[in-house]
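> File start_9.txt below, compact mmCIF, N, CA and C atoms:
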# COMPACT_ATOMS: atom_id res chain seq x y z
N MET O 1 5.14 27.93 47.47
CA MET O 1 3.91 27.64 46.74
C MET O 1 4.24 27.42 45.26
N MET O 2 3.60 26.48 44.67
CA MET O 2 3.85 26.16 43.28
C MET O 2 3.13 27.15 42.38
N SER O 3 3.70 27.38 41.18
CA SER O 3 3.06 28.33 40.26
C SER O 3 2.55 27.59 39.03
N VAL O 4 1.32 27.83 38.69
CA VAL O 4 0.71 27.22 37.51
C VAL O 4 1.27 27.94 36.28
N GLN O 5 1.45 27.21 35.21
CA GLN O 5 2.01 27.76 33.98
C GLN O 5 1.02 28.75 33.36
N ALA O 6 1.20 30.02 33.69
CA ALA O 6 0.26 31.06 33.24
C ALA O 6 0.23 31.18 31.73
N ASP O 7 1.38 31.01 31.08
CA ASP O 7 1.40 31.13 29.62
C ASP O 7 0.58 30.04 28.95
N VAL O 8 0.63 28.84 29.49
CA VAL O 8 -0.16 27.73 28.93
C VAL O 8 -1.65 27.97 29.18
N LEU O 9 -1.99 28.46 30.34
CA LEU O 9 -3.40 28.76 30.61
C LEU O 9 -3.93 29.84 29.68
N ARG O 10 -3.10 30.85 29.41
CA ARG O 10 -3.51 31.90 28.47
C ARG O 10 -3.73 31.32 27.08
N LEU O 11 -2.84 30.43 26.66
CA LEU O 11 -3.00 29.79 25.35
C LEU O 11 -4.32 29.03 25.27
N LEU O 12 -4.60 28.26 26.30
CA LEU O 12 -5.80 27.42 26.29
C LEU O 12 -7.08 28.22 26.50
N ALA O 13 -6.96 29.46 26.99
CA ALA O 13 -8.14 30.30 27.20
C ALA O 13 -8.72 30.83 25.90
N ASP O 14 -7.93 30.84 24.83
CA ASP O 14 -8.42 31.29 23.54
C ASP O 14 -9.42 30.26 23.00
N PRO O 15 -10.63 30.67 22.62
CA PRO O 15 -11.65 29.70 22.18
C PRO O 15 -11.23 28.85 20.99
N LEU O 16 -10.56 29.43 20.01
CA LEU O 16 -10.15 28.64 18.84
C LEU O 16 -9.04 27.66 19.22
N ARG O 17 -8.09 28.10 20.03
CA ARG O 17 -7.04 27.18 20.47
C ARG O 17 -7.64 26.05 21.30
N ALA O 18 -8.59 26.37 22.15
CA ALA O 18 -9.25 25.34 22.96
C ALA O 18 -9.96 24.33 22.05
N GLN O 19 -10.58 24.82 20.99
CA GLN O 19 -11.24 23.93 20.04
C GLN O 19 -10.22 23.05 19.32
N ILE O 20 -9.10 23.63 18.92
CA ILE O 20 -8.04 22.87 18.26
C ILE O 20 -7.52 21.78 19.19
N VAL O 21 -7.27 22.12 20.45
CA VAL O 21 -6.79 21.15 21.44
C VAL O 21 -7.81 20.03 21.61
N SER O 22 -9.09 20.38 21.68
CA SER O 22 -10.14 19.36 21.82
C SER O 22 -10.17 18.42 20.62
N LEU O 23 -10.01 18.97 19.43
CA LEU O 23 -10.00 18.14 18.22
C LEU O 23 -8.77 17.24 18.19
N LEU O 24 -7.62 17.78 18.59
CA LEU O 24 -6.39 16.99 18.58
C LEU O 24 -6.35 15.95 19.69
N ALA O 25 -7.19 16.11 20.69
CA ALA O 25 -7.26 15.10 21.76
C ALA O 25 -7.84 13.80 21.23
N VAL O 26 -8.64 13.88 20.17
CA VAL O 26 -9.33 12.71 19.63
C VAL O 26 -8.50 12.01 18.56
N GLU O 27 -7.77 12.80 17.75
CA GLU O 27 -6.97 12.22 16.67
C GLU O 27 -5.97 13.23 16.15
N ALA O 28 -4.92 12.73 15.50
CA ALA O 28 -3.95 13.60 14.84
C ALA O 28 -4.61 14.16 13.58
N LEU O 29 -4.43 15.46 13.36
CA LEU O 29 -5.05 16.13 12.22
C LEU O 29 -4.04 17.02 11.53
N CYS O 30 -4.25 17.26 10.24
CA CYS O 30 -3.42 18.23 9.54
C CYS O 30 -4.15 19.57 9.51
N ASN O 31 -3.43 20.57 9.05
CA ASN O 31 -3.97 21.92 9.00
C ASN O 31 -5.29 21.96 8.23
N CYS O 32 -5.36 21.25 7.11
CA CYS O 32 -6.58 21.29 6.30
C CYS O 32 -7.78 20.72 7.05
N HIS O 33 -7.57 19.69 7.86
CA HIS O 33 -8.66 19.13 8.67
C HIS O 33 -9.14 20.16 9.68
N LEU O 34 -8.18 20.86 10.31
CA LEU O 34 -8.55 21.84 11.33
C LEU O 34 -9.28 23.02 10.73
N VAL O 35 -8.89 23.43 9.52
CA VAL O 35 -9.61 24.50 8.82
C VAL O 35 -11.05 24.06 8.57
N GLU O 36 -11.20 22.84 8.10
CA GLU O 36 -12.54 22.29 7.80
C GLU O 36 -13.39 22.19 9.07
N GLU O 37 -12.81 21.71 10.15
CA GLU O 37 -13.56 21.50 11.39
C GLU O 37 -13.93 22.80 12.09
N THR O 38 -13.05 23.79 12.03
CA THR O 38 -13.28 25.03 12.79
C THR O 38 -13.88 26.15 11.96
N GLY O 39 -13.67 26.11 10.64
CA GLY O 39 -14.13 27.19 9.79
C GLY O 39 -13.20 28.40 9.81
N ALA O 40 -12.08 28.29 10.50
CA ALA O 40 -11.11 29.39 10.58
C ALA O 40 -10.23 29.38 9.33
N LYS O 41 -9.59 30.50 9.08
CA LYS O 41 -8.67 30.61 7.94
C LYS O 41 -7.40 29.82 8.21
N GLN O 42 -6.80 29.33 7.13
CA GLN O 42 -5.60 28.50 7.23
C GLN O 42 -4.47 29.22 7.96
N THR O 43 -4.26 30.50 7.67
CA THR O 43 -3.19 31.24 8.34
C THR O 43 -3.46 31.39 9.83
N ASN O 44 -4.71 31.56 10.20
CA ASN O 44 -5.08 31.66 11.60
C ASN O 44 -4.80 30.34 12.33
N ILE O 45 -5.19 29.24 11.71
CA ILE O 45 -4.93 27.91 12.29
C ILE O 45 -3.42 27.71 12.43
N SER O 46 -2.66 28.05 11.39
CA SER O 46 -1.21 27.89 11.43
C SER O 46 -0.59 28.67 12.58
N ASN O 47 -1.05 29.89 12.78
CA ASN O 47 -0.52 30.71 13.88
C ASN O 47 -0.83 30.10 15.24
N HIS O 48 -2.04 29.60 15.40
CA HIS O 48 -2.41 28.95 16.67
C HIS O 48 -1.61 27.67 16.88
N LEU O 49 -1.42 26.89 15.83
CA LEU O 49 -0.63 25.66 15.96
C LEU O 49 0.81 25.96 16.32
N ARG O 50 1.37 27.03 15.76
CA ARG O 50 2.74 27.42 16.08
C ARG O 50 2.84 27.76 17.56
N ALA O 51 1.88 28.52 18.08
CA ALA O 51 1.88 28.89 19.49
C ALA O 51 1.76 27.64 20.38
N LEU O 52 0.90 26.72 20.01
CA LEU O 52 0.73 25.48 20.78
C LEU O 52 1.98 24.63 20.72
N ARG O 53 2.63 24.60 19.57
CA ARG O 53 3.87 23.83 19.40
C ARG O 53 4.98 24.45 20.25
N GLN O 54 5.11 25.77 20.22
CA GLN O 54 6.15 26.45 21.00
C GLN O 54 5.95 26.27 22.50
N ALA O 55 4.70 26.12 22.92
CA ALA O 55 4.40 25.90 24.34
C ALA O 55 4.60 24.43 24.75
N GLY O 56 4.89 23.58 23.77
CA GLY O 56 5.12 22.17 24.07
C GLY O 56 3.86 21.35 24.19
N LEU O 57 2.73 21.88 23.73
CA LEU O 57 1.46 21.16 23.83
C LEU O 57 1.18 20.26 22.63
N VAL O 58 1.85 20.53 21.51
CA VAL O 58 1.57 19.82 20.26
C VAL O 58 2.88 19.37 19.63
N ASP O 59 2.87 18.16 19.08
CA ASP O 59 3.98 17.64 18.29
C ASP O 59 3.56 17.59 16.83
N THR O 60 4.55 17.60 15.94
CA THR O 60 4.26 17.50 14.51
C THR O 60 4.77 16.17 13.97
N GLU O 61 4.12 15.73 12.90
CA GLU O 61 4.50 14.49 12.24
C GLU O 61 4.38 14.71 10.73
N PRO O 62 5.53 14.83 10.03
CA PRO O 62 5.46 14.99 8.58
C PRO O 62 4.88 13.73 7.93
N CYS O 63 4.03 13.96 6.94
CA CYS O 63 3.41 12.84 6.21
C CYS O 63 3.26 13.29 4.76
N GLY O 64 4.27 13.01 3.94
CA GLY O 64 4.26 13.48 2.56
C GLY O 64 4.32 14.99 2.52
N ARG O 65 3.41 15.60 1.80
CA ARG O 65 3.42 17.06 1.74
C ARG O 65 2.59 17.71 2.84
N PHE O 66 2.05 16.89 3.74
CA PHE O 66 1.24 17.40 4.84
C PHE O 66 1.99 17.24 6.16
N THR O 67 1.59 18.01 7.13
CA THR O 67 2.10 17.87 8.49
C THR O 67 0.92 17.62 9.40
N TYR O 68 1.01 16.53 10.14
CA TYR O 68 -0.04 16.20 11.10
C TYR O 68 0.37 16.73 12.47
N TYR O 69 -0.63 17.14 13.23
CA TYR O 69 -0.41 17.67 14.57
C TYR O 69 -1.06 16.73 15.57
N ARG O 70 -0.32 16.49 16.65
CA ARG O 70 -0.77 15.55 17.68
C ARG O 70 -0.61 16.22 19.04
N LEU O 71 -1.62 16.11 19.87
CA LEU O 71 -1.59 16.66 21.21
C LEU O 71 -0.63 15.85 22.08
N ARG O 72 0.15 16.52 22.90
CA ARG O 72 1.07 15.85 23.83
C ARG O 72 0.37 15.70 25.19
N PRO O 73 -0.12 14.51 25.50
CA PRO O 73 -0.90 14.33 26.74
C PRO O 73 -0.09 14.65 28.00
N GLU O 74 1.22 14.38 27.98
CA GLU O 74 2.02 14.62 29.18
C GLU O 74 2.07 16.11 29.54
N ALA O 75 2.00 16.98 28.55
CA ALA O 75 1.99 18.43 28.83
C ALA O 75 0.70 18.82 29.55
N LEU O 76 -0.42 18.26 29.10
CA LEU O 76 -1.70 18.55 29.76
C LEU O 76 -1.78 17.88 31.13
N GLU O 77 -1.20 16.69 31.25
CA GLU O 77 -1.21 16.01 32.55
C GLU O 77 -0.42 16.81 33.58
N HIS O 78 0.68 17.42 33.16
CA HIS O 78 1.48 18.25 34.07
C HIS O 78 0.66 19.45 34.55
N LEU O 79 -0.02 20.10 33.61
CA LEU O 79 -0.86 21.25 33.96
C LEU O 79 -2.01 20.81 34.88
N ALA O 80 -2.62 19.69 34.56
CA ALA O 80 -3.72 19.17 35.38
C ALA O 80 -3.24 18.85 36.80
N SER O 81 -2.03 18.33 36.90
CA SER O 81 -1.46 18.02 38.21
C SER O 81 -1.27 19.28 39.03
N GLU O 82 -0.74 20.33 38.39
CA GLU O 82 -0.57 21.61 39.09
C GLU O 82 -1.91 22.18 39.55
N LEU O 83 -2.91 22.11 38.69
CA LEU O 83 -4.24 22.60 39.06
C LEU O 83 -4.83 21.75 40.18
N GLY O 84 -4.58 20.45 40.14
CA GLY O 84 -5.05 19.56 41.20
C GLY O 84 -4.43 19.89 42.54
N GLU O 85 -3.14 20.25 42.52
CA GLU O 85 -2.46 20.65 43.76
C GLU O 85 -3.06 21.94 44.32
N LEU O 86 -3.39 22.87 43.44
CA LEU O 86 -4.05 24.10 43.88
C LEU O 86 -5.41 23.80 44.51
N ALA O 87 -6.16 22.92 43.88
CA ALA O 87 -7.48 22.55 44.40
C ALA O 87 -7.34 21.89 45.77
N ALA O 88 -6.35 21.03 45.93
CA ALA O 88 -6.13 20.36 47.22
C ALA O 88 -5.76 21.37 48.30
N ALA O 89 -4.92 22.34 47.97
CA ALA O 89 -4.54 23.38 48.94
C ALA O 89 -5.76 24.20 49.33
N ALA O 90 -6.60 24.55 48.36
CA ALA O 90 -7.81 25.32 48.64
C ALA O 90 -8.78 24.52 49.50
N ARG O 91 -8.89 23.21 49.21
CA ARG O 91 -9.77 22.35 49.99
C ARG O 91 -9.31 22.29 51.44
N GLU O 92 -7.99 22.17 51.64
CA GLU O 92 -7.44 22.11 53.00
C GLU O 92 -7.65 23.44 53.72
N ALA O 93 -7.42 24.55 53.05
CA ALA O 93 -7.63 25.87 53.67
C ALA O 93 -9.08 26.04 54.07
N GLN O 94 -9.98 25.58 53.22
CA GLN O 94 -11.41 25.69 53.53
C GLN O 94 -11.78 24.80 54.71
N ALA O 95 -11.24 23.57 54.72
CA ALA O 95 -11.56 22.64 55.79
C ALA O 95 -11.08 23.16 57.15
N HIS O 96 -9.93 23.84 57.15
CA HIS O 96 -9.38 24.37 58.40
C HIS O 96 -9.79 25.82 58.64
N GLN O 97 -10.66 26.33 57.78
CA GLN O 97 -11.14 27.70 57.86
C GLN O 97 -10.00 28.70 58.04
N ARG O 98 -8.95 28.49 57.26
CA ARG O 98 -7.79 29.40 57.33
C ARG O 98 -8.11 30.71 56.67
N LYS O 99 -7.78 31.79 57.38
CA LYS O 99 -7.85 33.12 56.78
C LYS O 99 -6.88 34.02 57.54
N ARG O 100 -6.28 34.91 56.81
CA ARG O 100 -5.31 35.83 57.42
C ARG O 100 -6.06 36.97 58.08
N PRO O 101 -5.73 37.27 59.33
CA PRO O 101 -6.42 38.38 59.99
C PRO O 101 -5.97 39.73 59.43
N CYS O 102 -6.90 40.66 59.41
CA CYS O 102 -6.58 42.03 58.99
C CYS O 102 -5.92 42.76 60.15
N THR O 103 -5.02 43.64 59.83
CA THR O 103 -4.35 44.40 60.91
C THR O 103 -4.65 45.86 60.81
Let me see whether you can do it: turn the structure in this file into structure tokens.

Amino acid sequence: MMSVQADVLRLLADPLRAQIVSLLAVEALCNCHLVEETGAKQTNISNHLRALRQAGLVDTEPCGRFTYYRLRPEALEHLASELGELAAAAREAQAHQRKRPCT
């Protein structure tokens, strides 16, 4: 059985990180844009971006004295594929009414 990336799911479960990911899905943004959009403190945004970058969900792009952050769609597509496989397995189990008997 395949295992879904639990660490990535935990990262995305955080409301602020989920908001950052949603914003980065639309356009590349720098830290100052994310502070403005979310109302969070700069250090908090930086910490969340570091976690997202370490998980491979976000790439950076230096631009003068600013750093822009861009969402990596292939990382989310991989996670979505794993979740899709789980859904397909659950659908098949339901269709065949599979259940393990108690002993």
> Go through O:Cys63, O:Ala80, O:Leu86, O:Leu49 and flag the residue nearest Gln19 in chain O, using only C-alpha atoms for the distances.
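For Gln19 in chain O, the nearest of the given residues is O:Leu49.
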> Compile the contact shell of Leu23 in chain O as a PyMOL selection string: residues with an atom at most 8 Å away, counting all atoms listed in the file, same-chain residues fewer than 5 positions apart removed.
chain O and resi 17-18+28-29+34+71
> Figure out the distance between atom C of Ala13 in chain O and atom N of Ala40 in chain O, please, to one decimal in Å.
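So the answer is 16.0 Å.
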> Grab the CA of Arg65 in chain O to CA of His33 in chain O distance for me, in Å with one decimal place.
14.1 Å
> Please return as a list in words: the residues of chain O that backbone DSSP assigns to strand (DSSP E).
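The strand (DSSP E) subset of chain O is Leu29, Cys30, Val58, Asp59, Thr60, Glu61, Pro62, Cys63, Phe66, Thr67, Tyr68, Tyr69, Arg70 and Leu71 of chain O.
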> What is the distance between atom C of Tyr69 in chain O and CA of Asn47 in chain O, in Å to one decimal?
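These atoms are spaced 14.1 Å apart.
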> Write out as a list in words the residues lying within 12 Å of Cys30 in chain O, counting only C-alpha atoms and excluding same-chain residues fewer than 3 positions away.
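Within the cut-off, the hits are Ile20, Leu23, Leu24, Glu27, His33, Leu34, Val35, Glu36, Glu37, Gln42, Ile45, Ser46, Leu49, Val58, Asp59, Thr60, Glu61, Pro62, Cys63, Gly64, Arg65, Phe66, Thr67, Tyr68, Tyr69, Arg70 and Leu71 of chain O.
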> Check chain O with DSSP on the backbone and list each residue it calls helix (DSSP H, G or I), as a PyMOL selection string.
chain O and resi 6-13+15-26+31-38+42-54+73-95
> Counting all atoms listed in the file, which of O:Leu11, O:Gly84, O:Cys102, O:His78 gets nearest to Leu52 in chain O?
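Checking each of O:Leu11, O:Gly84, O:Cys102, O:His78 against Leu52 in chain O, counting all atoms listed in the file, the winner is O:Leu11.
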> With all atoms listed in the file as the basis for distance, which of O:Ala95, O:Ala75, O:Ala87, O:Thr103 is at the shortest distance from Ala55 in chain O?
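With all atoms listed in the file as the atom set, the closest residue is O:Ala75.
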> Provide an axis-aligned box for all listed atoms of range 79-96 of chain O, padding each side by 8 Å; report its centre and its edge lengths in Å to one decimal, as lines of an AutoDock Vina configuration file.

center_x = -5.9
center_y = 22.0
center_z = 46.1
size_x = 27.8
size_y = 24.0
size_z = 41.0
> Nearest to Pro73 in chain O among O:Val8, O:Gln97, O:Leu57, O:Ala88, with distances taken over all atoms listed in the file: which residue is it?
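Once distances to Pro73 in chain O are computed over all atoms listed in the file, the minimum belongs to O:Leu57.
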> Save range 89-100 of chain O to a file: C-alpha atoms, as a CSV table (one decimal), in the first residue's frame.

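Writing done, so here's decode-v2.csv:
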chain,number,residue,atom,x,y,z
O,89,ALA,CA,-8.8,2.1,-3.4
O,90,ALA,CA,-11.6,3.3,-1.0
O,91,ARG,CA,-14.1,3.4,-3.9
O,92,GLU,CA,-13.2,-0.1,-5.0
O,93,ALA,CA,-13.4,-1.4,-1.4
O,94,GLN,CA,-16.8,0.2,-1.0
O,95,ALA,CA,-18.0,-1.2,-4.4
O,96,HIS,CA,-17.0,-4.7,-3.4
O,97,GLN,CA,-18.2,-4.3,0.1
O,98,ARG,CA,-14.9,-5.4,1.4
O,99,LYS,CA,-14.5,-5.7,5.2
O,100,ARG,CA,-12.3,-7.8,7.4
